[in-house]
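Structure first, then comments.
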Amino acid sequence: MQVTVLGATGRTGLHVVRLLAARGYSVRAGLRSRHRAELLRGLPVEPVLADVTADPGDLVEAFKNSDVVISAVGAPDPEPESVNLVDRDGAIAAVRAAERAGVPRYLQLSAQFADAPDQGDRLVRSILFAKQISDSVLRKSALNWTIVRPSTLTDGPGTGRVKAARHLEPGRISRADVAAVLVGALAEPLTENRGFDVVSGDFPVAAALATLD
Ligand SMILES: NC(=O)c1ccc[n+]([C@@H]2O[C@H](COP(=O)([O-])OP(=O)(O)OC[C@H]3O[C@@H](n4cnc5c(N)ncnc54)[C@H](OP(=O)(O)O)[C@@H]3O)[C@@H](O)[C@H]2O)c1
């Protein structure tokens, strides 16, 4: 299975590409720029330029022959202008490009409360509103979609144990565990055409995904 990861050199994206490669997926690693390509050195992945704010035609090229796109993209700074450019417009451009490239399945790393931004933390509200719009475009797209909404991310070690459900109380979850959820979702049909919250928890990832409500 060919999987293209957007934001592959991000803190979560890097966990995603490592895990995909370890599990034997064929991985294309989407880079915003070549500057951070060295982070992928030694990994059996194919780097490809994929800036969601650049020419959408380049994204279509980057997605060609992909069975799945996983987007782990996030704006580099929290200013509304940057957030709207990347988390809203860029994320929408990537969904449209996946449709044009004929990609069947699309997984988006979103955020808890992106489906109800007014209930989220005031400090990240512009991000939540931007993600609400792009998540909604993905849900209404022709793609088989999955939207993963983690609570606050940490750089702690992966535990392999999470809690997943349509809605959860806020918590924390490591980026490594979020990556395990994204990769685990590829093998769990219950995640198809579904959005759900994830936090750190007691269940192995596969079991948590297999009991989604
Ligand atoms: N922080 C939290 O507590 C929290 C909670 C819930 C959800 N989230 C969401 O989880 C996601 C991942 O978070 P993270 O901490 O792993 O993010 P991160 O380390 O900042 O990584 C973001 C990735 O997006 C890439 N990117 C930025 N602009 C891009 C563009 N125009 N085109 C293509 N790629 C672009 C970055 O590229 P470079 O590597 O070149 O910089 C980087 O690889 C984000 O969407 C974030 O909003 C975060």
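By convention here, the chains of the structure tokens are called A, B, ... in the order presented, each chain's residues are numbered starting at 1, and ligands are numbered starting at 1 in the order presented.
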A:Asp197 surroundings by only C-alpha atoms, 8 Å radius, close-in-sequence under 5 positions cut, as an NGL selection string: :A and (111-112 or 148-151 or 164-168)
Keeping N, CA, C and O atoms for every residue in the selection just given, could you write it to a file as an mmCIF file, in the first residue's frame?
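The new file out_18.cif reads:
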```
data_model
loop_
_atom_site.group_PDB
_atom_site.id
_atom_site.type_symbol
_atom_site.label_atom_id
_atom_site.label_comp_id
_atom_site.auth_asym_id
_atom_site.auth_seq_id
_atom_site.Cartn_x
_atom_site.Cartn_y
_atom_site.Cartn_z
ATOM 1 N N ALA A 111 -7.797 18.370 15.572
ATOM 2 C CA ALA A 111 -7.586 18.688 16.991
ATOM 3 C C ALA A 111 -8.907 18.564 17.734
ATOM 4 O O ALA A 111 -9.976 18.832 17.164
ATOM 5 N N GLN A 112 -8.807 18.162 18.997
ATOM 6 C CA GLN A 112 -10.020 18.097 19.807
ATOM 7 C C GLN A 112 -10.690 19.471 19.797
ATOM 8 O O GLN A 112 -10.009 20.493 19.866
ATOM 9 N N VAL A 148 -8.863 12.513 12.857
ATOM 10 C CA VAL A 148 -8.395 12.163 14.203
ATOM 11 C C VAL A 148 -8.198 13.465 14.987
ATOM 12 O O VAL A 148 -7.459 14.344 14.551
ATOM 13 N N ARG A 149 -8.894 13.559 16.128
ATOM 14 C CA ARG A 149 -8.870 14.811 16.905
ATOM 15 C C ARG A 149 -8.209 14.572 18.262
ATOM 16 O O ARG A 149 -8.876 14.276 19.262
ATOM 17 N N PRO A 150 -6.876 14.721 18.329
ATOM 18 C CA PRO A 150 -6.201 14.519 19.618
ATOM 19 C C PRO A 150 -6.382 15.712 20.544
ATOM 20 O O PRO A 150 -6.553 16.844 20.097
ATOM 21 N N SER A 151 -6.292 15.428 21.822
ATOM 22 C CA SER A 151 -6.235 16.475 22.834
ATOM 23 C C SER A 151 -4.801 17.050 22.825
ATOM 24 O O SER A 151 -4.053 16.833 21.868
ATOM 25 N N ALA A 164 -10.246 6.255 22.544
ATOM 26 C CA ALA A 164 -10.787 6.895 21.337
ATOM 27 C C ALA A 164 -12.301 6.806 21.366
ATOM 28 O O ALA A 164 -12.853 5.748 21.671
ATOM 29 N N ALA A 165 -12.953 7.911 21.057
ATOM 30 C CA ALA A 165 -14.423 7.927 21.000
ATOM 31 C C ALA A 165 -14.844 9.205 20.290
ATOM 32 O O ALA A 165 -14.038 10.125 20.113
ATOM 33 N N ARG A 166 -16.110 9.230 19.910
ATOM 34 C CA ARG A 166 -16.617 10.410 19.188
ATOM 35 C C ARG A 166 -16.267 11.694 19.955
ATOM 36 O O ARG A 166 -15.774 12.651 19.386
ATOM 37 N N HIS A 167 -16.504 11.691 21.255
ATOM 38 C CA HIS A 167 -16.139 12.844 22.079
ATOM 39 C C HIS A 167 -15.595 12.363 23.417
ATOM 40 O O HIS A 167 -16.126 11.417 23.995
ATOM 41 N N LEU A 168 -14.531 13.049 23.859
ATOM 42 C CA LEU A 168 -13.886 12.681 25.123
ATOM 43 C C LEU A 168 -13.610 13.933 25.948
ATOM 44 O O LEU A 168 -13.530 15.044 25.399
#
```
Nearby residues (only C-alpha atoms) at most 7 Å from stretch 201-208 of chain A, same-chain spacing under 5 positions excluded, as an NGL selection string: :A and (160-164 or 180-181 or 184)
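For the choices A:Leu143, A:Ala116, A:Ala75, A:Ile127, the atom-to-atom distance to A:Ala97 is smallest for A:Leu143 when using only C-alpha atoms.
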Within 8 Å of ligand 1 (only C-alpha atoms and all ligand atoms), residues as a CSV table (one decimal) with N, CA, C and O atoms, in the first residue's frame:
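Below is the file selection_3.csv, written as the result:
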```
chain,number,residue,atom,x,y,z
A,6,LEU,N,1.7,14.0,4.5
A,6,LEU,CA,2.0,15.5,4.4
A,6,LEU,C,2.5,15.9,5.8
A,6,LEU,O,2.0,15.5,6.8
A,7,GLY,N,3.4,16.9,5.8
A,7,GLY,CA,4.0,17.3,7.1
A,7,GLY,C,4.9,16.2,7.7
A,7,GLY,O,5.0,16.0,8.9
A,8,ALA,N,5.6,15.5,6.8
A,8,ALA,CA,6.4,14.3,7.2
A,8,ALA,C,7.5,14.6,8.1
A,8,ALA,O,8.0,13.8,8.8
A,9,THR,N,8.0,15.9,8.1
A,9,THR,CA,9.1,16.3,8.9
A,9,THR,C,8.6,17.0,10.2
A,9,THR,O,9.5,17.5,11.0
A,10,GLY,N,7.3,17.0,10.4
A,10,GLY,CA,6.8,17.6,11.7
A,10,GLY,C,7.0,16.6,12.8
A,10,GLY,O,7.4,15.4,12.6
A,11,ARG,N,6.7,17.1,14.0
A,11,ARG,CA,7.0,16.3,15.2
A,11,ARG,C,6.1,15.0,15.2
A,11,ARG,O,6.5,13.9,15.6
A,12,THR,N,4.8,15.1,14.8
A,12,THR,CA,4.0,14.0,14.7
A,12,THR,C,4.3,13.2,13.4
A,12,THR,O,4.3,12.0,13.3
A,13,GLY,N,4.4,14.0,12.3
A,13,GLY,CA,4.6,13.4,11.0
A,13,GLY,C,5.8,12.4,10.9
A,13,GLY,O,5.7,11.4,10.3
A,14,LEU,N,6.9,12.8,11.6
A,14,LEU,CA,8.1,12.0,11.6
A,14,LEU,C,7.8,10.6,12.3
A,14,LEU,O,8.2,9.6,11.8
A,30,GLY,N,6.0,13.8,2.3
A,30,GLY,CA,5.8,15.1,1.8
A,30,GLY,C,6.5,16.2,2.7
A,30,GLY,O,6.3,16.2,3.9
A,31,LEU,N,7.3,17.0,2.0
A,31,LEU,CA,8.1,18.0,2.6
A,31,LEU,C,7.6,19.4,2.2
A,31,LEU,O,7.3,19.6,1.0
A,32,ARG,N,7.5,20.3,3.2
A,32,ARG,CA,7.2,21.7,2.8
A,32,ARG,C,8.4,22.3,2.1
A,32,ARG,O,8.2,23.1,1.1
A,33,SER,N,9.6,22.0,2.4
A,33,SER,CA,10.8,22.4,1.7
A,33,SER,C,11.9,21.4,1.9
A,33,SER,O,11.8,20.6,2.8
A,34,ARG,N,12.9,21.4,1.0
A,34,ARG,CA,13.9,20.5,1.1
A,34,ARG,C,14.8,20.7,2.3
A,34,ARG,O,15.6,19.8,2.7
A,35,HIS,N,14.7,21.8,3.0
A,35,HIS,CA,15.6,22.2,4.1
A,35,HIS,C,15.6,21.1,5.2
A,35,HIS,O,16.6,21.0,5.8
A,36,ARG,N,14.5,20.5,5.4
A,36,ARG,CA,14.4,19.6,6.5
A,36,ARG,C,14.5,18.1,6.1
A,36,ARG,O,14.2,17.2,6.9
A,50,ALA,N,5.9,18.8,-1.1
A,50,ALA,CA,4.4,18.9,-1.0
A,50,ALA,C,4.1,20.1,-0.1
A,50,ALA,O,3.8,19.8,1.1
A,51,ASP,N,4.1,21.3,-0.6
A,51,ASP,CA,3.7,22.5,0.2
A,51,ASP,C,2.2,22.8,-0.1
A,51,ASP,O,1.8,23.0,-1.2
A,52,VAL,N,1.4,22.7,1.0
A,52,VAL,CA,-0.1,22.8,0.7
A,52,VAL,C,-0.5,24.2,0.3
A,52,VAL,O,-1.6,24.4,0.0
A,53,THR,N,0.5,25.2,0.5
A,53,THR,CA,0.1,26.6,0.1
A,53,THR,C,0.7,26.9,-1.3
A,53,THR,O,0.5,28.0,-1.8
A,54,ALA,N,1.3,25.9,-2.0
A,54,ALA,CA,1.9,26.2,-3.3
A,54,ALA,C,0.9,25.7,-4.4
A,54,ALA,O,-0.3,25.6,-4.1
A,72,ALA,N,-0.4,15.4,8.4
A,72,ALA,CA,0.0,15.8,9.7
A,72,ALA,C,0.5,17.2,9.7
A,72,ALA,O,1.4,17.6,10.5
A,73,VAL,N,-0.1,18.0,8.8
A,73,VAL,CA,0.3,19.4,8.6
A,73,VAL,C,-0.2,20.3,9.7
A,73,VAL,O,-1.3,20.1,10.2
A,74,GLY,N,0.5,21.3,10.1
A,74,GLY,CA,0.0,22.3,11.0
A,74,GLY,C,0.8,23.6,10.7
A,74,GLY,O,2.0,23.6,10.3
A,75,ALA,N,0.1,24.7,10.9
A,75,ALA,CA,0.8,26.0,10.6
A,75,ALA,C,2.0,26.2,11.5
A,75,ALA,O,2.0,25.8,12.7
A,76,PRO,N,3.1,26.8,11.0
A,76,PRO,CA,4.3,27.0,11.7
A,76,PRO,C,4.2,28.0,12.8
A,76,PRO,O,5.0,28.0,13.8
A,85,LEU,N,-4.0,30.2,6.3
A,85,LEU,CA,-3.3,29.8,5.1
A,85,LEU,C,-3.0,28.3,5.1
A,85,LEU,O,-3.2,27.7,4.0
A,86,VAL,N,-2.6,27.8,6.2
A,86,VAL,CA,-2.2,26.4,6.2
A,86,VAL,C,-3.3,25.4,6.7
A,86,VAL,O,-3.7,24.5,5.9
A,87,ASP,N,-3.9,25.6,7.9
A,87,ASP,CA,-4.8,24.7,8.5
A,87,ASP,C,-6.2,24.8,7.8
A,87,ASP,O,-7.0,23.8,7.9
A,90,GLY,N,-4.8,25.6,3.0
A,90,GLY,CA,-3.9,24.6,2.6
A,90,GLY,C,-4.5,23.2,2.8
A,90,GLY,O,-4.3,22.3,1.9
A,109,LEU,N,-5.1,14.7,10.5
A,109,LEU,CA,-4.8,15.0,11.9
A,109,LEU,C,-5.4,16.4,12.2
A,109,LEU,O,-4.9,17.4,11.7
A,110,SER,N,-6.4,16.4,13.0
A,110,SER,CA,-7.1,17.6,13.4
A,110,SER,C,-6.8,17.9,14.8
A,110,SER,O,-5.7,17.7,15.3
A,111,ALA,N,-7.8,18.4,15.6
A,111,ALA,CA,-7.6,18.7,17.0
A,111,ALA,C,-8.9,18.6,17.7
A,111,ALA,O,-10.0,18.8,17.2
A,112,GLN,N,-8.8,18.2,19.0
A,112,GLN,CA,-10.0,18.1,19.8
A,112,GLN,C,-10.7,19.5,19.8
A,112,GLN,O,-10.0,20.5,19.9
A,127,ILE,N,-7.1,28.3,15.4
A,127,ILE,CA,-6.7,27.0,14.8
A,127,ILE,C,-7.9,26.1,14.7
A,127,ILE,O,-8.2,25.5,13.7
A,149,ARG,N,-8.9,13.6,16.1
A,149,ARG,CA,-8.9,14.8,16.9
A,149,ARG,C,-8.2,14.6,18.3
A,149,ARG,O,-8.9,14.3,19.3
A,150,PRO,N,-6.9,14.7,18.3
A,150,PRO,CA,-6.2,14.5,19.6
A,150,PRO,C,-6.4,15.7,20.5
A,150,PRO,O,-6.6,16.8,20.1
A,151,SER,N,-6.3,15.4,21.8
A,151,SER,CA,-6.2,16.5,22.8
A,151,SER,C,-4.8,17.1,22.8
A,151,SER,O,-4.1,16.8,21.9
A,152,THR,N,-4.4,17.7,23.9
A,152,THR,CA,-3.1,18.4,23.9
A,152,THR,C,-2.0,17.3,23.6
A,152,THR,O,-1.9,16.3,24.2
A,153,LEU,N,-1.0,17.7,22.7
A,153,LEU,CA,0.0,16.8,22.3
A,153,LEU,C,1.3,17.0,23.2
A,153,LEU,O,1.6,18.1,23.6
A,154,THR,N,2.0,15.9,23.5
A,154,THR,CA,3.2,15.9,24.2
A,154,THR,C,4.3,15.2,23.4
A,154,THR,O,4.0,14.5,22.5
A,172,ARG,N,-4.3,14.5,27.5
A,172,ARG,CA,-3.1,14.7,26.8
A,172,ARG,C,-2.8,13.4,26.1
A,172,ARG,O,-3.3,12.3,26.5
A,175,ARG,N,2.7,12.5,20.8
A,175,ARG,CA,2.7,12.5,19.4
A,175,ARG,C,2.9,11.1,18.8
A,175,ARG,O,2.4,10.7,17.8
```
All strand (DSSP E) residues (DSSP, backbone) inside stretch 92-213 of chain A, as a ChimeraX atom specification: /A:105-109,144-150,152-154,161-165,172-174,194-200,203-204
Straight-line distance linking atom CA of A:Glu79 with atom CA of A:Arg28, stated in Å to one decimal: 29.3 Å
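Using only C-alpha atoms for every distance, the candidate list A:Ser82, A:Gln2, A:Asn65, A:Ser174 yields A:Gln2 as the residue closest to A:Leu186.
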DSSP-assigned alpha helix (DSSP H) members of chain A, reported as a ChimeraX atom specification: /A:11-22,56-63,80-83,91-101,125-139,175-185,205-210
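Distances from A:Gly158, A:Pro80, A:Pro189, A:Pro44 to A:Gly24 were compared using only C-alpha atoms, and the smallest one belongs to A:Pro44.
Checking A:Ser71, A:Asn84, A:Ser66, A:Thr159 one by one against A:Leu107, counting only C-alpha atoms, you find the shortest gap at A:Ser71.
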